[in-house]
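Chemist: One structure, as structure tokens, below. Some questions next.
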Amino acid sequence: MENRSTESVMLGQKVKMPVALAPVGLTGMQWADGKILAARAAEKVGVPVIPVPAPATGDTRADTRGRFLRDLRISVTDRCNFRCTYCMPKSVFGKEYKFLPETELLSFEEISRLTRLFVACGVEKIRLTGGEPLLRKNLQILIAMLAVLKTPDGQPLDLTLTTNASLLSRKAKSLKAAGLQRVTVSLDSLDEAVFRAMNDVDFAVADVLEGIDAAHDAGFAPIKINMVVKKGVNDQDIVGMARRFKGSGHIVRFIEFMDVGSSNGWRMNEVVPSAEIVRRISAELPLIAAEPNYPGEVAGRWAYADGSGEIGVISSVTQAFCSTCTRARLSTDGQLYTCLFAQSGYDLRGLTRSGQSDGQIAEAIGLIWNQRADRYSESRTAATSRTKKIEMSYIGG
Ligand code: SAM
Ligand code: SF4
Ligand code: SF4
């Protein structure tokens with residue numbers, strides 16, 4: 001059971017929510033089914049029971065650090081056809097690795113219902129991710145189901161997807177037709193040998209570029225291109241990547257290598273700080289700082305001084321942005337995580353499959369968010385980087 005302060009754990013005696021907010025995952029328990037059962041289960045494991053007034057359904061109250069729930073990342077599959085060494089190293093995700101069986105996955109109906117309830121709680125942006133989201137069969141059907149959802153004030157959602165682009169040239173048109181608004185493509189190097197070594201399945205750069213072109217032709221713009229930078233592995237390609245996409249309308253985003261999960265062997269000395277990335281690019285292609293598009297934007301924006309576009313830097317290690325983090329994550333099997341570096345989540349699938357009403361589930365989401373205190377990146381140390389964490393492919397990158 002996650003160790004929480006009394007004010008951050010709640011179980012409804014008066015609260016109509018049927019279950020203890022019992023985290024699950026590495027050490028927790030499943031949501032109990034029904035109020036009495038939940039109370040008993042909570043007593044058994046010693047969850048403090050405090051009478052917290054339930055927020056109204058659709059409440060968008062802030063978490064304990066004043067952050068509102070605005071973004072939801074949904075992992076639609078924990079599987080991937082790449083084995084990026086920083087994410088799903090073969091040593092862990094080898095032939096023996098047991099991915100979730102089909103029955104464990106949230107169905108499209110369940111994802112769509114939960115998303116509607118997250119939207120009622122304040123979510124405006126949805127990112128489909130994984131694993132490799134395009135491996136999920138008939139994903140365009142889910143996209144069509146999500147594309148019709150509206151915020152409480154009638155606005156469409158910002159609906160996006162992150163992909164390794166291996167299947168993008170085949171699927172770009174149908175994704176666009178289904179209502180997907182934007183795509184982000186991951187590409188770690190333009191150097192064939194480096195890229196093939198990083199994805200570790202011998203996937204070619206040209207095939208990713210073809211996917212990017214297909215997405216562009218299908219009408220996606222601007223396309224964001226994520227490059228995870230690892231010192232001594234692909235940092236020599238930083239300027240080349242910037243130069244290749246400068247003036248294309250696409251936005252390259254350089255991401256500091258992070259200690260997500262427990263299997264990528266992260267070390268601080270393999271991180272190239274964003275400030276260094278900007279310095280290296282700017283020395284050859286002058287950059288000027290640009291204002292964020294909106295408060296809490298993850299990527300720092302830098303525009304080319306000659307007006308030919310922009311890049312982004314995601315400084316999750318050297319300049320943590322926890323204070324403005326409005327993101328929740330829904331894992332492939334329906335666990336809600338309030339931080340990328342969480343050690344446990346909350347079993348929304350259990351709630352969904354045990355017949356709870358929309359109101360009860362929305363209320364649970366609101367309560368979980370209200371007690372959120374996550375700030376992992378602000379307190380990262382070498383020791384925390386070695387703690388057991390949920391893998392990114394499962395929790396959703
Ligand atoms: N498979 C898709 C892809 O690669 O675009 C979506 C899932 S992937 C987990 C989402 C993003 O997380 C990718 O852009 C990937 O590069 C990034 N990522 C994965 N592991 C990372 C790490 N250790 N540090 C920084 N970014 C990472
Ligand atoms: Fe797969 Fe994306 Fe992870 Fe690479 S980063 S292994 S493509 S999920
Ligand atoms: Fe958000 Fe957690 Fe990342 Fe901080 S460490 S920015 S709280 S996901």
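Chain labels follow the order of the structure tokens: the first chain is A, the next B, and so on; residue numbering restarts at 1 in every chain, and ligands are counted from 1 in their shown order.
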Find the nearest atom pair between each residue of chain A and ligand 3 for residues within 6 Å, count only C-alpha atoms and all ligand atoms, give distances in Å to one decimal, sort rows by chain and ascending number, and present the table as a tab-separated table.

Modeler:
```
residue	atom	partner	partner_atom_place_in_ligand_line	distance
A:Phe321	CA	ligand 3	6 (S)	5.0
A:Cys322	CA	ligand 3	4 (Fe)	3.6
A:Cys325	CA	ligand 3	1 (Fe)	4.6
A:Cys339	CA	ligand 3	2 (Fe)	3.8
A:Leu340	CA	ligand 3	8 (S)	4.2
A:Phe341	CA	ligand 3	2 (Fe)	5.8
A:Asp374	CA	ligand 3	7 (S)	4.6
A:Arg375	CA	ligand 3	7 (S)	4.2
A:Tyr376	CA	ligand 3	5 (S)	4.1
A:Ser377	CA	ligand 3	5 (S)	4.2
```

Chemist: What does the list of residues within 6 Å of ligand 1 look like if you count only C-alpha atoms and all ligand atoms, written as a PyMOL selection string?

Modeler: chain A and resi 86-87+129-132+162-164+185-186+226+228+255-260+392-393+396-397

Chemist: Filtering to N, CA and C atoms, could you give me those residues as an mmCIF file, in the first residue's frame?

Modeler:
```cif
data_model
loop_
_atom_site.group_PDB
_atom_site.id
_atom_site.type_symbol
_atom_site.label_atom_id
_atom_site.label_comp_id
_atom_site.auth_asym_id
_atom_site.auth_seq_id
_atom_site.Cartn_x
_atom_site.Cartn_y
_atom_site.Cartn_z
ATOM 1 N N TYR A 86 16.648 2.651 -24.684
ATOM 2 C CA TYR A 86 16.349 3.496 -23.532
ATOM 3 C C TYR A 86 14.929 3.273 -23.008
ATOM 4 N N CYS A 87 14.148 2.425 -23.678
ATOM 5 C CA CYS A 87 12.743 2.260 -23.307
ATOM 6 C C CYS A 87 12.366 0.791 -23.089
ATOM 7 N N THR A 129 -0.891 6.689 -26.937
ATOM 8 C CA THR A 129 0.503 6.310 -26.941
ATOM 9 C C THR A 129 0.627 4.846 -26.536
ATOM 10 N N GLY A 130 1.813 4.450 -26.118
ATOM 11 C CA GLY A 130 2.000 3.046 -25.752
ATOM 12 C C GLY A 130 3.367 2.879 -25.118
ATOM 13 N N GLY A 131 3.929 1.762 -25.424
ATOM 14 C CA GLY A 131 3.963 0.867 -26.537
ATOM 15 C C GLY A 131 3.791 1.632 -27.876
ATOM 16 N N GLU A 132 3.625 0.847 -28.890
ATOM 17 C CA GLU A 132 3.413 1.474 -30.194
ATOM 18 C C GLU A 132 1.908 1.483 -30.492
ATOM 19 N N THR A 162 1.347 9.652 -30.424
ATOM 20 C CA THR A 162 2.800 9.550 -30.569
ATOM 21 C C THR A 162 3.134 8.172 -31.132
ATOM 22 N N THR A 163 3.963 8.136 -32.171
ATOM 23 C CA THR A 163 4.237 6.865 -32.846
ATOM 24 C C THR A 163 5.690 6.764 -33.287
ATOM 25 N N ASN A 164 6.140 5.519 -33.439
ATOM 26 C CA ASN A 164 7.486 5.321 -33.993
ATOM 27 C C ASN A 164 7.455 5.347 -35.516
ATOM 28 N N VAL A 185 6.082 12.059 -34.085
ATOM 29 C CA VAL A 185 6.841 10.899 -34.553
ATOM 30 C C VAL A 185 8.171 10.861 -33.803
ATOM 31 N N SER A 186 8.572 9.682 -33.385
ATOM 32 C CA SER A 186 9.877 9.563 -32.725
ATOM 33 C C SER A 186 10.942 9.185 -33.744
ATOM 34 N N ASN A 226 10.159 13.712 -32.152
ATOM 35 C CA ASN A 226 10.852 13.545 -30.871
ATOM 36 C C ASN A 226 12.190 12.843 -31.039
ATOM 37 N N VAL A 228 15.124 11.483 -28.550
ATOM 38 C CA VAL A 228 15.690 11.301 -27.203
ATOM 39 C C VAL A 228 17.202 11.363 -27.348
ATOM 40 N N ILE A 255 14.657 15.585 -26.434
ATOM 41 C CA ILE A 255 14.222 15.156 -25.101
ATOM 42 C C ILE A 255 15.407 14.640 -24.303
ATOM 43 N N GLU A 256 15.551 15.161 -23.096
ATOM 44 C CA GLU A 256 16.600 14.622 -22.223
ATOM 45 C C GLU A 256 16.272 13.173 -21.863
ATOM 46 N N PHE A 257 17.284 12.343 -21.956
ATOM 47 C CA PHE A 257 17.153 10.922 -21.595
ATOM 48 C C PHE A 257 16.706 10.828 -20.136
ATOM 49 N N MET A 258 15.625 10.073 -19.901
ATOM 50 C CA MET A 258 15.048 10.029 -18.556
ATOM 51 C C MET A 258 15.173 8.646 -17.922
ATOM 52 N N ASP A 259 15.038 8.624 -16.611
ATOM 53 C CA ASP A 259 15.107 7.383 -15.840
ATOM 54 C C ASP A 259 13.729 6.762 -15.685
ATOM 55 N N VAL A 260 12.967 6.694 -16.787
ATOM 56 C CA VAL A 260 11.643 6.075 -16.697
ATOM 57 C C VAL A 260 11.808 4.562 -16.512
ATOM 58 N N MET A 392 7.597 2.629 -19.069
ATOM 59 C CA MET A 392 6.966 3.663 -19.874
ATOM 60 C C MET A 392 6.049 3.066 -20.956
ATOM 61 N N SER A 393 6.444 1.926 -21.506
ATOM 62 C CA SER A 393 5.651 1.325 -22.579
ATOM 63 C C SER A 393 4.261 0.923 -22.074
ATOM 64 N N GLY A 396 2.462 4.532 -20.687
ATOM 65 C CA GLY A 396 2.170 5.492 -21.753
ATOM 66 C C GLY A 396 3.113 6.673 -21.721
ATOM 67 N N GLY A 397 3.969 6.776 -22.757
ATOM 68 C CA GLY A 397 5.007 7.821 -22.772
ATOM 69 C C GLY A 397 4.471 9.184 -23.120
#
```

Chemist: For A:Leu285, find every residue with an atom within 8 Å (counting only C-alpha atoms), except residues of its own chain fewer than 4 positions away, and show them as a list of chain:residue names.

Modeler: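 Near A:Leu285, the qualifying residues are A:Arg243, A:Ile281, A:Tyr304, A:Ala305.
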
Chemist: Looking at A:Asn264, A:Thr115, A:Ser316, A:Asn138, which one is nearest to ligand 2, with distances taken over only C-alpha atoms and all ligand atoms?

Modeler: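 Looking at the shortest contact to ligand 2, the residue is A:Asn264.
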
Chemist: Take atom CA of A:Cys80 and atom CA of A:Thr381 and report the distance between them in Å, one decimal.

Modeler: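 These atoms are spaced 29.2 Å apart.
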
Chemist: Measuring atom to atom with only C-alpha atoms and all ligand atoms, identify which of A:Gly366, A:Gly265, A:Pro133, A:Gly66 is nearest to ligand 2.

Modeler: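 Nearest to ligand 2: A:Pro133.
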
Chemist: So that I can check the surroundings of A:Ile251, please list as a list of chain:residue names every protein, DNA and RNA residue that reaches within 8 Å of it, counting only C-alpha atoms and ignoring chain neighbours fewer than 2 positions away.

Modeler: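 Counting only C-alpha atoms, the residues come to A:Pro222, A:Ile223, A:Lys224, A:Ile225, A:Phe245, A:Gly249, A:Arg253, A:Gly309, A:Glu310, A:Ile311, A:Gly312.
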
Chemist: Next, the residues of the selection above should be written as a PDB file, in the first residue's frame with N, CA and C atoms.

Modeler:
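Full text of result.pdb as output:
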```pdb
ATOM      1  N   PRO A 222       1.420  21.178 -37.564  1.00  0.00           N
ATOM      2  CA  PRO A 222       2.810  20.762 -37.757  1.00  0.00           C
ATOM      3  C   PRO A 222       3.024  19.377 -37.154  1.00  0.00           C
ATOM      4  N   ILE A 223       3.950  18.630 -37.718  1.00  0.00           N
ATOM      5  CA  ILE A 223       4.307  17.326 -37.152  1.00  0.00           C
ATOM      6  C   ILE A 223       5.461  17.545 -36.188  1.00  0.00           C
ATOM      7  N   LYS A 224       5.332  16.984 -34.993  1.00  0.00           N
ATOM      8  CA  LYS A 224       6.444  17.079 -34.040  1.00  0.00           C
ATOM      9  C   LYS A 224       7.289  15.813 -34.156  1.00  0.00           C
ATOM     10  N   ILE A 225       8.590  15.999 -34.042  1.00  0.00           N
ATOM     11  CA  ILE A 225       9.514  14.865 -34.169  1.00  0.00           C
ATOM     12  C   ILE A 225      10.349  14.787 -32.900  1.00  0.00           C
ATOM     13  N   PHE A 245      15.322  19.306 -40.579  1.00  0.00           N
ATOM     14  CA  PHE A 245      13.897  19.657 -40.538  1.00  0.00           C
ATOM     15  C   PHE A 245      13.649  21.160 -40.480  1.00  0.00           C
ATOM     16  N   GLY A 249       8.522  22.965 -41.638  1.00  0.00           N
ATOM     17  CA  GLY A 249       7.233  23.092 -40.961  1.00  0.00           C
ATOM     18  C   GLY A 249       7.108  22.105 -39.804  1.00  0.00           C
ATOM     19  N   ARG A 253      11.788  18.034 -31.434  1.00  0.00           N
ATOM     20  CA  ARG A 253      11.845  18.260 -29.987  1.00  0.00           C
ATOM     21  C   ARG A 253      12.902  17.332 -29.391  1.00  0.00           C
ATOM     22  N   GLY A 309      11.275  28.583 -38.689  1.00  0.00           N
ATOM     23  CA  GLY A 309      10.672  27.529 -37.885  1.00  0.00           C
ATOM     24  C   GLY A 309      11.159  27.522 -36.454  1.00  0.00           C
ATOM     25  N   GLU A 310      10.970  26.428 -35.772  1.00  0.00           N
ATOM     26  CA  GLU A 310      11.340  26.373 -34.355  1.00  0.00           C
ATOM     27  C   GLU A 310      11.721  24.954 -33.955  1.00  0.00           C
ATOM     28  N   ILE A 311      12.356  24.855 -32.809  1.00  0.00           N
ATOM     29  CA  ILE A 311      12.621  23.548 -32.180  1.00  0.00           C
ATOM     30  C   ILE A 311      12.037  23.588 -30.766  1.00  0.00           C
ATOM     31  N   GLY A 312      11.984  22.432 -30.129  1.00  0.00           N
ATOM     32  CA  GLY A 312      11.577  22.373 -28.734  1.00  0.00           C
ATOM     33  C   GLY A 312      12.597  21.578 -27.944  1.00  0.00           C
TER      34      GLY A 312
END
```

Chemist: Can you tell me how far atom CA of A:Ser354 sits from atom CA of A:Ala62, in Å to one decimal?

Modeler: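 Result for atom CA of A:Ser354 versus atom CA of A:Ala62: 27.6 Å, one decimal.
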
Chemist: May I ask which of the residues A:Lys231, A:Arg61, A:Lys90, A:Lys150 is the closest one to ligand 2, counting only C-alpha atoms and all ligand atoms?

Modeler: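 Of A:Lys231, A:Arg61, A:Lys90, A:Lys150, the one nearest ligand 2, counting only C-alpha atoms and all ligand atoms, is A:Lys90.
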
Chemist: Rank A:Arg113, A:Arg280, A:Arg73, A:Arg182 by their smallest atom-to-atom distance to A:Leu336, using only C-alpha atoms, and report the top residue only.

Modeler: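 Closest to A:Leu336 of all the choices is A:Arg73.
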
Chemist: Need the shell around A:Leu161: protein/DNA/RNA residues with any atom at most 6 Å away, counting only C-alpha atoms. Skip same-chain ones fewer than 2 positions apart. Format as a list in words?

Modeler: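 The contact residues come out as Arg127, Leu128, Thr129 and Val183 of chain A.
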
Chemist: For the selection you just gave me, I'd like the residues written to a file as a short mmCIF file (atom, residue, chain, number, x, y, z; two decimals), in the first residue's frame, keeping N, CA and C atoms.

Modeler:
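The new file result10.cif reads:
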```cif
data_model
loop_
_atom_site.label_atom_id
_atom_site.label_comp_id
_atom_site.auth_asym_id
_atom_site.auth_seq_id
_atom_site.Cartn_x
_atom_site.Cartn_y
_atom_site.Cartn_z
N ARG A 127 -3.66 12.22 -25.53
CA ARG A 127 -2.58 11.68 -26.37
C ARG A 127 -2.64 10.15 -26.32
N LEU A 128 -2.77 9.55 -27.49
CA LEU A 128 -2.75 8.08 -27.57
C LEU A 128 -1.29 7.66 -27.74
N THR A 129 -0.89 6.69 -26.94
CA THR A 129 0.50 6.31 -26.94
C THR A 129 0.63 4.85 -26.54
N VAL A 183 0.02 14.45 -34.97
CA VAL A 183 0.88 13.30 -34.67
C VAL A 183 2.26 13.78 -34.25
#
```

Chemist: Identify, on the basis of only C-alpha atoms, every residue whose closest approach to stretch 200-215 of chain A does not exceed 9 Å; exclude the query and any residue fewer than 4 positions from it along the same chain; express the result as a JSON list (two decimals) with C-alpha atoms, in the first residue's frame.

Modeler:
```json
[["chain", "number", "residue", "atom", "x", "y", "z"],
["A", 81, "ASN", "CA", 7.78, -3.62, -32.60],
["A", 82, "PHE", "CA", 10.90, -1.60, -31.62],
["A", 83, "ARG", "CA", 13.23, -2.33, -28.75],
["A", 84, "CYS", "CA", 14.63, 1.15, -28.17],
["A", 85, "THR", "CA", 17.48, 0.64, -25.80],
["A", 89, "PRO", "CA", 15.74, -3.02, -23.88],
["A", 90, "LYS", "CA", 15.87, -6.56, -25.24],
["A", 164, "ASN", "CA", 7.49, 5.32, -33.99],
["A", 165, "ALA", "CA", 6.05, 5.72, -37.52],
["A", 166, "SER", "CA", 6.71, 2.13, -38.55],
["A", 167, "LEU", "CA", 3.09, 1.80, -39.67],
["A", 168, "LEU", "CA", 2.37, 5.45, -40.32],
["A", 169, "SER", "CA", 2.69, 5.52, -44.09],
["A", 170, "ARG", "CA", -0.02, 2.85, -44.25],
["A", 171, "LYS", "CA", -2.30, 4.39, -41.66],
["A", 172, "ALA", "CA", -1.91, 8.17, -41.83],
["A", 173, "LYS", "CA", -4.94, 8.78, -44.05],
["A", 176, "LYS", "CA", -6.80, 11.69, -40.20],
["A", 183, "VAL", "CA", 0.88, 13.30, -34.67],
["A", 185, "VAL", "CA", 6.84, 10.90, -34.55],
["A", 186, "SER", "CA", 9.88, 9.56, -32.72],
["A", 187, "LEU", "CA", 13.18, 9.59, -34.60],
["A", 189, "SER", "CA", 18.95, 9.86, -35.47],
["A", 190, "LEU", "CA", 19.33, 10.37, -39.20],
["A", 191, "ASP", "CA", 22.44, 8.23, -39.12],
["A", 192, "GLU", "CA", 21.39, 4.79, -40.31],
["A", 193, "ALA", "CA", 23.74, 2.82, -38.07],
["A", 195, "PHE", "CA", 19.18, 4.71, -35.54],
["A", 196, "ARG", "CA", 19.17, 0.98, -36.20],
["A", 219, "GLY", "CA", -2.90, 16.85, -43.67],
["A", 220, "PHE", "CA", -1.19, 16.63, -40.28],
["A", 221, "ALA", "CA", 0.67, 19.85, -39.47],
["A", 223, "ILE", "CA", 4.31, 17.33, -37.15],
["A", 225, "ILE", "CA", 9.51, 14.87, -34.17]]
```

Chemist: Given only C-alpha atoms as the basis, pick out the residue of A:Asp358, A:Ala303, A:Phe118, A:Thr332 nearest to A:Arg79.

Modeler: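 Among A:Asp358, A:Ala303, A:Phe118, A:Thr332, it is A:Thr332 that comes nearest to A:Arg79.
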
Chemist: How would you write, as an MDAnalysis selection string, the set of residues in stretch 87-329 of chain A that DSSP gives as strand (DSSP E)?

Modeler: chainID A and resid 125:130 158:163 182:186 224:229 251:256 287:289 300:304 310:314 327:329

Chemist: I need the chosen residues saved as a compact mmCIF listing (two decimals), in the first residue's frame, with N, CA and C atoms.

Modeler:
```txt
# COMPACT_ATOMS: atom_id res chain seq x y z
N LYS A 125 -6.94 17.63 -23.39
CA LYS A 125 -5.99 17.08 -24.37
C LYS A 125 -5.84 15.59 -24.15
N ILE A 126 -5.92 14.84 -25.24
CA ILE A 126 -5.74 13.39 -25.16
C ILE A 126 -4.57 13.01 -26.06
N ARG A 127 -3.66 12.22 -25.53
CA ARG A 127 -2.58 11.68 -26.37
C ARG A 127 -2.64 10.15 -26.32
N LEU A 128 -2.77 9.55 -27.49
CA LEU A 128 -2.75 8.08 -27.57
C LEU A 128 -1.29 7.66 -27.74
N THR A 129 -0.89 6.69 -26.94
CA THR A 129 0.50 6.31 -26.94
C THR A 129 0.63 4.85 -26.54
N GLY A 130 1.81 4.45 -26.12
CA GLY A 130 2.00 3.05 -25.75
C GLY A 130 3.37 2.88 -25.12
N ASP A 158 -8.35 18.19 -27.94
CA ASP A 158 -7.11 18.16 -28.71
C ASP A 158 -6.67 16.69 -28.71
N LEU A 159 -6.77 16.03 -29.85
CA LEU A 159 -6.56 14.59 -29.92
C LEU A 159 -5.30 14.27 -30.72
N THR A 160 -4.30 13.71 -30.06
CA THR A 160 -3.01 13.51 -30.69
C THR A 160 -2.50 12.09 -30.46
N LEU A 161 -1.43 11.74 -31.16
CA LEU A 161 -0.87 10.39 -31.05
C LEU A 161 0.65 10.46 -31.19
N THR A 162 1.35 9.65 -30.42
CA THR A 162 2.80 9.55 -30.57
C THR A 162 3.13 8.17 -31.13
N THR A 163 3.96 8.14 -32.17
CA THR A 163 4.24 6.86 -32.85
C THR A 163 5.69 6.76 -33.29
N ARG A 182 -3.38 15.61 -34.50
CA ARG A 182 -1.94 15.84 -34.63
C ARG A 182 -1.19 14.54 -34.39
N VAL A 183 0.02 14.45 -34.97
CA VAL A 183 0.88 13.30 -34.67
C VAL A 183 2.26 13.78 -34.25
N THR A 184 2.85 13.01 -33.36
CA THR A 184 4.25 13.19 -32.99
C THR A 184 4.96 11.90 -33.40
N VAL A 185 6.08 12.06 -34.09
CA VAL A 185 6.84 10.90 -34.55
C VAL A 185 8.17 10.86 -33.80
N SER A 186 8.57 9.68 -33.38
CA SER A 186 9.88 9.56 -32.72
C SER A 186 10.94 9.18 -33.74
N LYS A 224 5.33 16.98 -34.99
CA LYS A 224 6.44 17.08 -34.04
C LYS A 224 7.29 15.81 -34.16
N ILE A 225 8.59 16.00 -34.04
CA ILE A 225 9.51 14.87 -34.17
C ILE A 225 10.35 14.79 -32.90
N ASN A 226 10.16 13.71 -32.15
CA ASN A 226 10.85 13.55 -30.87
C ASN A 226 12.19 12.84 -31.04
N MET A 227 13.23 13.44 -30.52
CA MET A 227 14.54 12.79 -30.50
C MET A 227 15.01 12.69 -29.05
N VAL A 228 15.12 11.48 -28.55
CA VAL A 228 15.69 11.30 -27.20
C VAL A 228 17.20 11.36 -27.35
N VAL A 229 17.83 12.24 -26.59
CA VAL A 229 19.27 12.44 -26.74
C VAL A 229 20.02 11.72 -25.62
N ILE A 251 8.44 20.26 -36.29
CA ILE A 251 9.14 20.79 -35.11
C ILE A 251 9.89 19.65 -34.41
N VAL A 252 11.20 19.71 -34.44
CA VAL A 252 12.00 18.69 -33.74
C VAL A 252 12.03 19.04 -32.26
N ARG A 253 11.79 18.03 -31.43
CA ARG A 253 11.85 18.26 -29.99
C ARG A 253 12.90 17.33 -29.39
N PHE A 254 13.88 17.94 -28.78
CA PHE A 254 15.01 17.20 -28.21
C PHE A 254 14.67 16.88 -26.75
N ILE A 255 14.66 15.59 -26.43
CA ILE A 255 14.22 15.16 -25.10
C ILE A 255 15.41 14.64 -24.30
N GLU A 256 15.55 15.16 -23.10
CA GLU A 256 16.60 14.62 -22.22
C GLU A 256 16.27 13.17 -21.86
N LEU A 287 19.38 30.69 -32.76
CA LEU A 287 18.05 30.51 -32.16
C LEU A 287 17.72 31.68 -31.25
N ILE A 288 16.44 31.96 -31.14
CA ILE A 288 16.01 32.92 -30.12
C ILE A 288 14.88 32.30 -29.30
N ALA A 289 14.86 32.61 -27.99
CA ALA A 289 13.84 32.02 -27.13
C ALA A 289 12.47 32.50 -27.56
N GLY A 300 10.25 23.55 -24.07
CA GLY A 300 10.69 24.94 -24.17
C GLY A 300 10.84 25.27 -25.66
N ARG A 301 10.34 26.43 -26.09
CA ARG A 301 10.35 26.75 -27.53
C ARG A 301 11.53 27.66 -27.89
N TRP A 302 12.19 27.33 -28.97
CA TRP A 302 13.26 28.17 -29.51
C TRP A 302 13.02 28.34 -31.01
N ALA A 303 12.98 29.60 -31.45
CA ALA A 303 12.70 29.87 -32.87
C ALA A 303 14.01 30.16 -33.60
N TYR A 304 14.09 29.74 -34.87
CA TYR A 304 15.25 30.10 -35.67
C TYR A 304 15.21 31.62 -35.92
N GLU A 310 10.97 26.43 -35.77
CA GLU A 310 11.34 26.37 -34.35
C GLU A 310 11.72 24.95 -33.96
N ILE A 311 12.36 24.85 -32.81
CA ILE A 311 12.62 23.55 -32.18
C ILE A 311 12.04 23.59 -30.77
N GLY A 312 11.98 22.43 -30.13
CA GLY A 312 11.58 22.37 -28.73
C GLY A 312 12.60 21.58 -27.94
N VAL A 313 12.72 21.90 -26.67
CA VAL A 313 13.57 21.08 -25.80
C VAL A 313 12.76 20.66 -24.58
N ILE A 314 12.86 19.39 -24.26
CA ILE A 314 12.10 18.87 -23.12
C ILE A 314 13.10 18.50 -22.03
N ARG A 327 -0.78 16.40 -16.16
CA ARG A 327 -0.98 15.16 -16.91
C ARG A 327 -1.32 13.95 -16.03
N ALA A 328 -2.31 13.21 -16.50
CA ALA A 328 -2.61 11.90 -15.91
C ALA A 328 -2.37 10.86 -16.99
N ARG A 329 -2.15 9.63 -16.57
CA ARG A 329 -1.90 8.55 -17.53
C ARG A 329 -2.80 7.36 -17.24
```

Chemist: Can you measure atom CA of A:Gly247 to atom CA of A:Val271 for me? One decimal in Å is fine.

Modeler: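 About the pair atom CA of A:Gly247 and atom CA of A:Val271: they are 27.5 Å apart.
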
Chemist: Give the alpha helix (DSSP H) residues of stretch 133-267 of chain A, as assigned by DSSP on the backbone, as a PyMOL selection string.

Modeler: chain A and resi 139-147+168-178+192-199+205-218+238-245

Chemist: Counting only C-alpha atoms, which residue out of A:Gln335, A:Asn199, A:Thr64, A:Asn269 sits closest to A:Trp369?

Modeler: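 Counting only C-alpha atoms, the residue closest to A:Trp369 is A:Thr64.
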